[in-house]
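Data block for work14.pdb (PDB, C-alpha atoms and all ligand atoms):
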ATOM      1  CA  MET T   1     -41.667 -27.267  94.842  1.00  0.00           C
ATOM      2  CA  SER T   2     -40.515 -23.715  95.460  1.00  0.00           C
ATOM      3  CA  ALA T   3     -39.364 -21.973  98.581  1.00  0.00           C
ATOM      4  CA  GLU T   4     -40.339 -18.420  99.420  1.00  0.00           C
ATOM      5  CA  VAL T   5     -37.803 -15.828  98.261  1.00  0.00           C
ATOM      6  CA  THR T   6     -35.974 -14.574 101.332  1.00  0.00           C
ATOM      7  CA  ARG T   7     -32.775 -13.277  99.790  1.00  0.00           C
ATOM      8  CA  ILE T   8     -31.323 -11.957  96.546  1.00  0.00           C
ATOM      9  CA  GLU T   9     -30.916 -14.984  94.312  1.00  0.00           C
ATOM     10  CA  PRO T  10     -28.012 -15.454  91.906  1.00  0.00           C
ATOM     11  CA  ARG T  11     -28.615 -15.651  88.169  1.00  0.00           C
ATOM     12  CA  ALA T  12     -26.904 -18.313  86.102  1.00  0.00           C
ATOM     13  CA  SER T  13     -24.922 -17.313  83.040  1.00  0.00           C
ATOM     14  CA  GLU T  14     -24.219 -19.567  80.088  1.00  0.00           C
ATOM     15  CA  VAL T  15     -20.859 -20.475  81.637  1.00  0.00           C
ATOM     16  CA  SER T  16     -22.095 -20.986  85.204  1.00  0.00           C
ATOM     17  CA  GLU T  17     -25.285 -22.860  84.276  1.00  0.00           C
ATOM     18  CA  PRO T  18     -23.821 -26.374  84.891  1.00  0.00           C
ATOM     19  CA  PHE T  19     -22.794 -25.253  88.395  1.00  0.00           C
ATOM     20  CA  TRP T  20     -26.295 -24.009  89.199  1.00  0.00           C
ATOM     21  CA  GLU T  21     -28.114 -26.932  87.577  1.00  0.00           C
ATOM     22  CA  ALA T  22     -26.101 -29.369  89.737  1.00  0.00           C
ATOM     23  CA  THR T  23     -27.247 -27.549  92.868  1.00  0.00           C
ATOM     24  CA  ARG T  24     -30.773 -28.816  92.164  1.00  0.00           C
ATOM     25  CA  ASP T  25     -29.447 -32.207  93.334  1.00  0.00           C
ATOM     26  CA  LYS T  26     -27.190 -30.595  95.961  1.00  0.00           C
ATOM     27  CA  ARG T  27     -24.111 -31.475  93.942  1.00  0.00           C
ATOM     28  CA  PHE T  28     -21.210 -29.049  94.386  1.00  0.00           C
ATOM     29  CA  LEU T  29     -19.215 -28.876  91.148  1.00  0.00           C
ATOM     30  CA  LEU T  30     -16.032 -27.004  90.309  1.00  0.00           C
ATOM     31  CA  GLN T  31     -14.290 -26.728  86.960  1.00  0.00           C
ATOM     32  CA  TRP T  32     -11.034 -28.581  86.467  1.00  0.00           C
ATOM     33  CA  CYS T  33      -8.531 -27.903  83.674  1.00  0.00           C
ATOM     34  CA  VAL T  34      -7.687 -31.037  81.708  1.00  0.00           C
ATOM     35  CA  ALA T  35      -4.432 -29.496  80.406  1.00  0.00           C
ATOM     36  CA  CYS T  36      -2.769 -28.337  83.644  1.00  0.00           C
ATOM     37  CA  GLY T  37      -4.889 -29.803  86.445  1.00  0.00           C
ATOM     38  CA  ALA T  38      -5.805 -26.456  87.999  1.00  0.00           C
ATOM     39  CA  THR T  39      -9.154 -26.095  89.710  1.00  0.00           C
ATOM     40  CA  VAL T  40     -11.055 -23.119  88.302  1.00  0.00           C
ATOM     41  CA  PHE T  41     -13.526 -20.922  90.171  1.00  0.00           C
ATOM     42  CA  TYR T  42     -15.545 -18.823  89.331  1.00  0.00           C
ATOM     43  CA  PRO T  43     -16.750 -20.635  86.190  1.00  0.00           C
ATOM     44  CA  ARG T  44     -14.864 -19.616  83.063  1.00  0.00           C
ATOM     45  CA  VAL T  45     -14.485 -20.521  79.399  1.00  0.00           C
ATOM     46  CA  VAL T  46     -10.692 -20.867  79.585  1.00  0.00           C
ATOM     47  CA  CYS T  47      -8.286 -21.844  82.367  1.00  0.00           C
ATOM     48  CA  PRO T  48      -6.769 -18.712  84.001  1.00  0.00           C
ATOM     49  CA  THR T  49      -3.552 -20.665  84.694  1.00  0.00           C
ATOM     50  CA  CYS T  50      -2.709 -22.019  81.224  1.00  0.00           C
ATOM     51  CA  LEU T  51      -5.464 -20.639  78.935  1.00  0.00           C
ATOM     52  CA  GLY T  52      -6.510 -24.223  78.129  1.00  0.00           C
ATOM     53  CA  ASP T  53     -10.087 -24.376  76.921  1.00  0.00           C
ATOM     54  CA  THR T  54     -10.968 -27.922  77.976  1.00  0.00           C
ATOM     55  CA  LEU T  55     -12.560 -27.577  81.400  1.00  0.00           C
ATOM     56  CA  GLU T  56     -14.434 -30.419  83.079  1.00  0.00           C
ATOM     57  CA  TRP T  57     -16.948 -30.214  85.896  1.00  0.00           C
ATOM     58  CA  ARG T  58     -16.003 -32.344  88.889  1.00  0.00           C
ATOM     59  CA  GLN T  59     -17.549 -32.962  92.275  1.00  0.00           C
ATOM     60  CA  ALA T  60     -15.812 -30.910  94.985  1.00  0.00           C
ATOM     61  CA  SER T  61     -15.353 -31.947  98.615  1.00  0.00           C
ATOM     62  CA  GLY T  62     -17.300 -29.074 100.139  1.00  0.00           C
ATOM     63  CA  ARG T  63     -14.598 -28.618 102.762  1.00  0.00           C
ATOM     64  CA  GLY T  64     -12.587 -25.481 103.300  1.00  0.00           C
ATOM     65  CA  THR T  65     -11.314 -22.891 105.741  1.00  0.00           C
ATOM     66  CA  VAL T  66     -12.271 -19.276 106.345  1.00  0.00           C
ATOM     67  CA  TYR T  67      -9.785 -16.921 104.662  1.00  0.00           C
ATOM     68  CA  ALA T  68     -11.586 -13.725 105.696  1.00  0.00           C
ATOM     69  CA  ALA T  69     -14.930 -12.885 107.257  1.00  0.00           C
ATOM     70  CA  THR T  70     -17.034  -9.898 108.180  1.00  0.00           C
ATOM     71  CA  VAL T  71     -20.404  -9.557 109.886  1.00  0.00           C
ATOM     72  CA  GLU T  72     -23.049  -7.600 107.980  1.00  0.00           C
ATOM     73  CA  HIS T  73     -25.364  -5.828 110.424  1.00  0.00           C
ATOM     74  CA  ARG T  74     -27.062  -3.330 108.098  1.00  0.00           C
ATOM     75  CA  PRO T  75     -27.124  -4.580 104.513  1.00  0.00           C
ATOM     76  CA  GLN T  76     -27.368  -1.842 101.882  1.00  0.00           C
ATOM     77  CA  ASN T  77     -29.874  -3.892  99.933  1.00  0.00           C
ATOM     78  CA  PRO T  78     -33.266  -4.159 101.708  1.00  0.00           C
ATOM     79  CA  GLY T  79     -33.684  -7.625 100.191  1.00  0.00           C
ATOM     80  CA  MET T  80     -31.042  -8.931 102.564  1.00  0.00           C
ATOM     81  CA  ALA T  81     -32.237  -7.130 105.703  1.00  0.00           C
ATOM     82  CA  ALA T  82     -34.175 -10.083 107.143  1.00  0.00           C
ATOM     83  CA  MET T  83     -30.968 -12.138 107.261  1.00  0.00           C
ATOM     84  CA  ALA T  84     -28.918  -9.649 109.292  1.00  0.00           C
ATOM     85  CA  PRO T  85     -26.691 -10.041 111.124  1.00  0.00           C
ATOM     86  CA  TYR T  86     -24.960 -12.519 108.820  1.00  0.00           C
ATOM     87  CA  VAL T  87     -21.409 -13.497 107.912  1.00  0.00           C
ATOM     88  CA  VAL T  88     -19.917 -12.745 104.497  1.00  0.00           C
ATOM     89  CA  ALA T  89     -16.772 -14.817 104.097  1.00  0.00           C
ATOM     90  CA  LEU T  90     -14.091 -15.823 101.650  1.00  0.00           C
ATOM     91  CA  ILE T  91     -13.674 -19.586 101.870  1.00  0.00           C
ATOM     92  CA  ASP T  92     -10.497 -21.334 100.730  1.00  0.00           C
ATOM     93  CA  LEU T  93     -11.754 -24.644  99.354  1.00  0.00           C
ATOM     94  CA  GLU T  94      -9.670 -27.817  99.644  1.00  0.00           C
ATOM     95  CA  GLU T  95      -9.419 -27.828  95.850  1.00  0.00           C
ATOM     96  CA  GLY T  96      -7.336 -24.629  95.962  1.00  0.00           C
ATOM     97  CA  VAL T  97      -9.828 -21.958  94.950  1.00  0.00           C
ATOM     98  CA  ARG T  98     -11.446 -19.152  96.945  1.00  0.00           C
ATOM     99  CA  MET T  99     -15.212 -18.634  97.031  1.00  0.00           C
ATOM    100  CA  MET T 100     -17.353 -15.890  98.560  1.00  0.00           C
ATOM    101  CA  SER T 101     -20.238 -17.237 100.606  1.00  0.00           C
ATOM    102  CA  ASN T 102     -21.975 -16.985 103.970  1.00  0.00           C
ATOM    103  CA  VAL T 103     -21.070 -18.895 107.123  1.00  0.00           C
ATOM    104  CA  VAL T 104     -24.284 -19.986 108.829  1.00  0.00           C
ATOM    105  CA  GLY T 105     -25.371 -22.210 111.696  1.00  0.00           C
ATOM    106  CA  CYS T 106     -23.368 -20.406 114.359  1.00  0.00           C
ATOM    107  CA  ASP T 107     -23.060 -17.087 116.191  1.00  0.00           C
ATOM    108  CA  PRO T 108     -21.819 -14.661 113.480  1.00  0.00           C
ATOM    109  CA  GLU T 109     -19.247 -13.213 115.882  1.00  0.00           C
ATOM    110  CA  SER T 110     -17.744 -16.682 116.446  1.00  0.00           C
ATOM    111  CA  VAL T 111     -16.459 -17.041 112.869  1.00  0.00           C
ATOM    112  CA  THR T 112     -12.666 -16.729 112.792  1.00  0.00           C
ATOM    113  CA  ILE T 113      -9.943 -16.791 110.147  1.00  0.00           C
ATOM    114  CA  GLY T 114      -8.705 -20.334 109.590  1.00  0.00           C
ATOM    115  CA  MET T 115     -11.919 -21.920 110.918  1.00  0.00           C
ATOM    116  CA  PRO T 116     -12.660 -25.236 109.171  1.00  0.00           C
ATOM    117  CA  VAL T 117     -16.031 -25.115 107.421  1.00  0.00           C
ATOM    118  CA  SER T 118     -18.216 -27.544 105.490  1.00  0.00           C
ATOM    119  CA  LEU T 119     -20.758 -27.095 102.741  1.00  0.00           C
ATOM    120  CA  THR T 120     -24.442 -26.770 103.520  1.00  0.00           C
ATOM    121  CA  TRP T 121     -27.325 -25.833 101.223  1.00  0.00           C
ATOM    122  CA  GLU T 122     -30.032 -23.198 101.288  1.00  0.00           C
ATOM    123  CA  PRO T 123     -32.995 -23.761  98.968  1.00  0.00           C
ATOM    124  CA  LEU T 124     -33.672 -21.076  96.360  1.00  0.00           C
ATOM    125  CA  SER T 125     -37.154 -20.287  95.035  1.00  0.00           C
ATOM    126  CA  ASP T 126     -36.641 -22.086  91.704  1.00  0.00           C
ATOM    127  CA  GLY T 127     -35.394 -25.484  92.930  1.00  0.00           C
ATOM    128  CA  ARG T 128     -31.714 -24.608  92.875  1.00  0.00           C
ATOM    129  CA  HIS T 129     -29.715 -24.471  96.099  1.00  0.00           C
ATOM    130  CA  LEU T 130     -27.240 -21.888  97.302  1.00  0.00           C
ATOM    131  CA  PRO T 131     -23.935 -23.274  98.604  1.00  0.00           C
ATOM    132  CA  LEU T 132     -23.255 -21.922 102.088  1.00  0.00           C
ATOM    133  CA  PHE T 133     -20.828 -23.029 104.772  1.00  0.00           C
ATOM    134  CA  GLU T 134     -21.107 -23.937 108.435  1.00  0.00           C
ATOM    135  CA  PRO T 135     -18.455 -24.708 111.047  1.00  0.00           C
ATOM    136  CA  SER T 136     -17.151 -28.269 110.515  1.00  0.00           C
ATOM    137  CA  LYS T 137     -18.463 -30.765 113.039  1.00  0.00           C
ATOM    138  CA  GLY T 138     -15.854 -31.857 115.522  1.00  0.00           C
ATOM    139  CA  ALA T 139     -13.476 -29.061 114.487  1.00  0.00           C
TER     140      ALA T 139
HETATM  141 ZN    ZN T 201      -4.968 -25.013  82.855  1.00  0.00          ZN
END

As structure tokens, how would this structure be written, given the file I've shared?
Ligand SMILES: [Zn+2]
Amino acid sequence: MSAEVTRIEPRASEVSEPFWEATRDKRFLLQWCVACGATVFYPRVVCPTCLGDTLEWRQASGRGTVYAATVEHRPQNPGMAAMAPYVVALIDLEEGVRMMSNVVGCDPESVTIGMPVSLTWEPLSDGRHLPLFEPSKGA
């Protein structure tokens, strides 16, 4: 079953394909370096900390905090116009890596630095899901 395309959808590369395939089952995977224990994001072939080339995919918590955020009112790309205004944020994940995403499910102006956020999913047109974040419940 496919959803209607309402935003620009990310393409998987050879390296990021396991990440995107897991999103079909709403599983949020990050790479983990077997040699030094560092969490690796974005997906890579070698660990940026120790250059080890044995990276495993592991389930991540989906919890993090907002490192930086901005509200997009007039996106340059018309494909994103229907979503505006929306929040573009850098999220510091519990696993120690930083990910760019959107914060949804709240007033865009209410998103603040340090806000605890939790993973949520937006369906893509091909059965994958896009990892987004929303304010943590009870935070
Ligand atoms: Zn490493």

Using only C-alpha atoms, find each residue of stretch 5-60 of chain T with at least one atom at most 10 Å away from an atom of stretch 119-124 of chain T; report its shortest atom-to-atom pair and that distance in Å (one decimal), sort the rows by chain and rising residue number, and return the result as JSON lines.
{"residue": "T:Val5", "atom": "CA", "partner": "T:Leu124", "partner_atom": "CA", "distance": 6.9}
{"residue": "T:Thr6", "atom": "CA", "partner": "T:Leu124", "partner_atom": "CA", "distance": 8.5}
{"residue": "T:Arg7", "atom": "CA", "partner": "T:Leu124", "partner_atom": "CA", "distance": 8.6}
{"residue": "T:Ile8", "atom": "CA", "partner": "T:Leu124", "partner_atom": "CA", "distance": 9.4}
{"residue": "T:Glu9", "atom": "CA", "partner": "T:Leu124", "partner_atom": "CA", "distance": 7.0}
{"residue": "T:Pro10", "atom": "CA", "partner": "T:Leu124", "partner_atom": "CA", "distance": 9.1}
{"residue": "T:Thr23", "atom": "CA", "partner": "T:Trp121", "partner_atom": "CA", "distance": 8.5}
{"residue": "T:Arg24", "atom": "CA", "partner": "T:Pro123", "partner_atom": "CA", "distance": 8.8}
{"residue": "T:Lys26", "atom": "CA", "partner": "T:Trp121", "partner_atom": "CA", "distance": 7.1}
{"residue": "T:Arg27", "atom": "CA", "partner": "T:Trp121", "partner_atom": "CA", "distance": 9.8}
{"residue": "T:Phe28", "atom": "CA", "partner": "T:Leu119", "partner_atom": "CA", "distance": 8.6}
{"residue": "T:Ala60", "atom": "CA", "partner": "T:Leu119", "partner_atom": "CA", "distance": 10.0}

If you apply the PyMOL selection byres (((chain T and resi 97) around 10) and not hetatm) to this file, what residues do you get, as a PyMOL selection string?
-> chain T and resi 30+38-42+64+91-96+98-99

Generate the output file for the selected residues, C-alpha atoms, as a CSV table (one decimal), in the frame of the given file.
chain,number,residue,atom,x,y,z
T,30,LEU,CA,-16.0,-27.0,90.3
T,38,ALA,CA,-5.8,-26.5,88.0
T,39,THR,CA,-9.2,-26.1,89.7
T,40,VAL,CA,-11.1,-23.1,88.3
T,41,PHE,CA,-13.5,-20.9,90.2
T,42,TYR,CA,-15.5,-18.8,89.3
T,64,GLY,CA,-12.6,-25.5,103.3
T,91,ILE,CA,-13.7,-19.6,101.9
T,92,ASP,CA,-10.5,-21.3,100.7
T,93,LEU,CA,-11.8,-24.6,99.4
T,94,GLU,CA,-9.7,-27.8,99.6
T,95,GLU,CA,-9.4,-27.8,95.8
T,96,GLY,CA,-7.3,-24.6,96.0
T,98,ARG,CA,-11.4,-19.2,96.9
T,99,MET,CA,-15.2,-18.6,97.0

Within 9 Å of ligand ZN 201 (chain T) (only C-alpha atoms and all ligand atoms), residues as number ranges by chain = T: 32-40, 46-55

Rounded to one decimal in Å, what is the spacing between atom CA of T:Val45 and atom CA of T:Ser118?
->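 Between atom CA of T:Val45 and atom CA of T:Ser118 the gap is 27.3 Å.
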
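From atom CA of T:Ser61 back to atom CA of T:Gly127, the distance works out to 21.8 Å.
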
Residues returned when the PyMOL selection byres (((chain T and resi 132) around 10) and not hetatm) runs on this file, as a list in words =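 Selection result, ordered by chain and number: Gly62, Ala89, Ile91, Met100, Ser101, Asn102, Val103, Val104, Gly105, Val117, Ser118, Leu119, Thr120, Trp121, Glu122, His129, Leu130, Pro131, Phe133 and Glu134 of chain T.
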
Can you tell me, as a ChimeraX atom specification, what residues are no more than 6 Å from T:Ile113 when counting all atoms listed in the file, ignoring any on the same chain fewer than 4 positions away?
-> /T:66-68

re atom CA of T:Gly138 and atom CA of T:Pro85: distance 24.8 Å
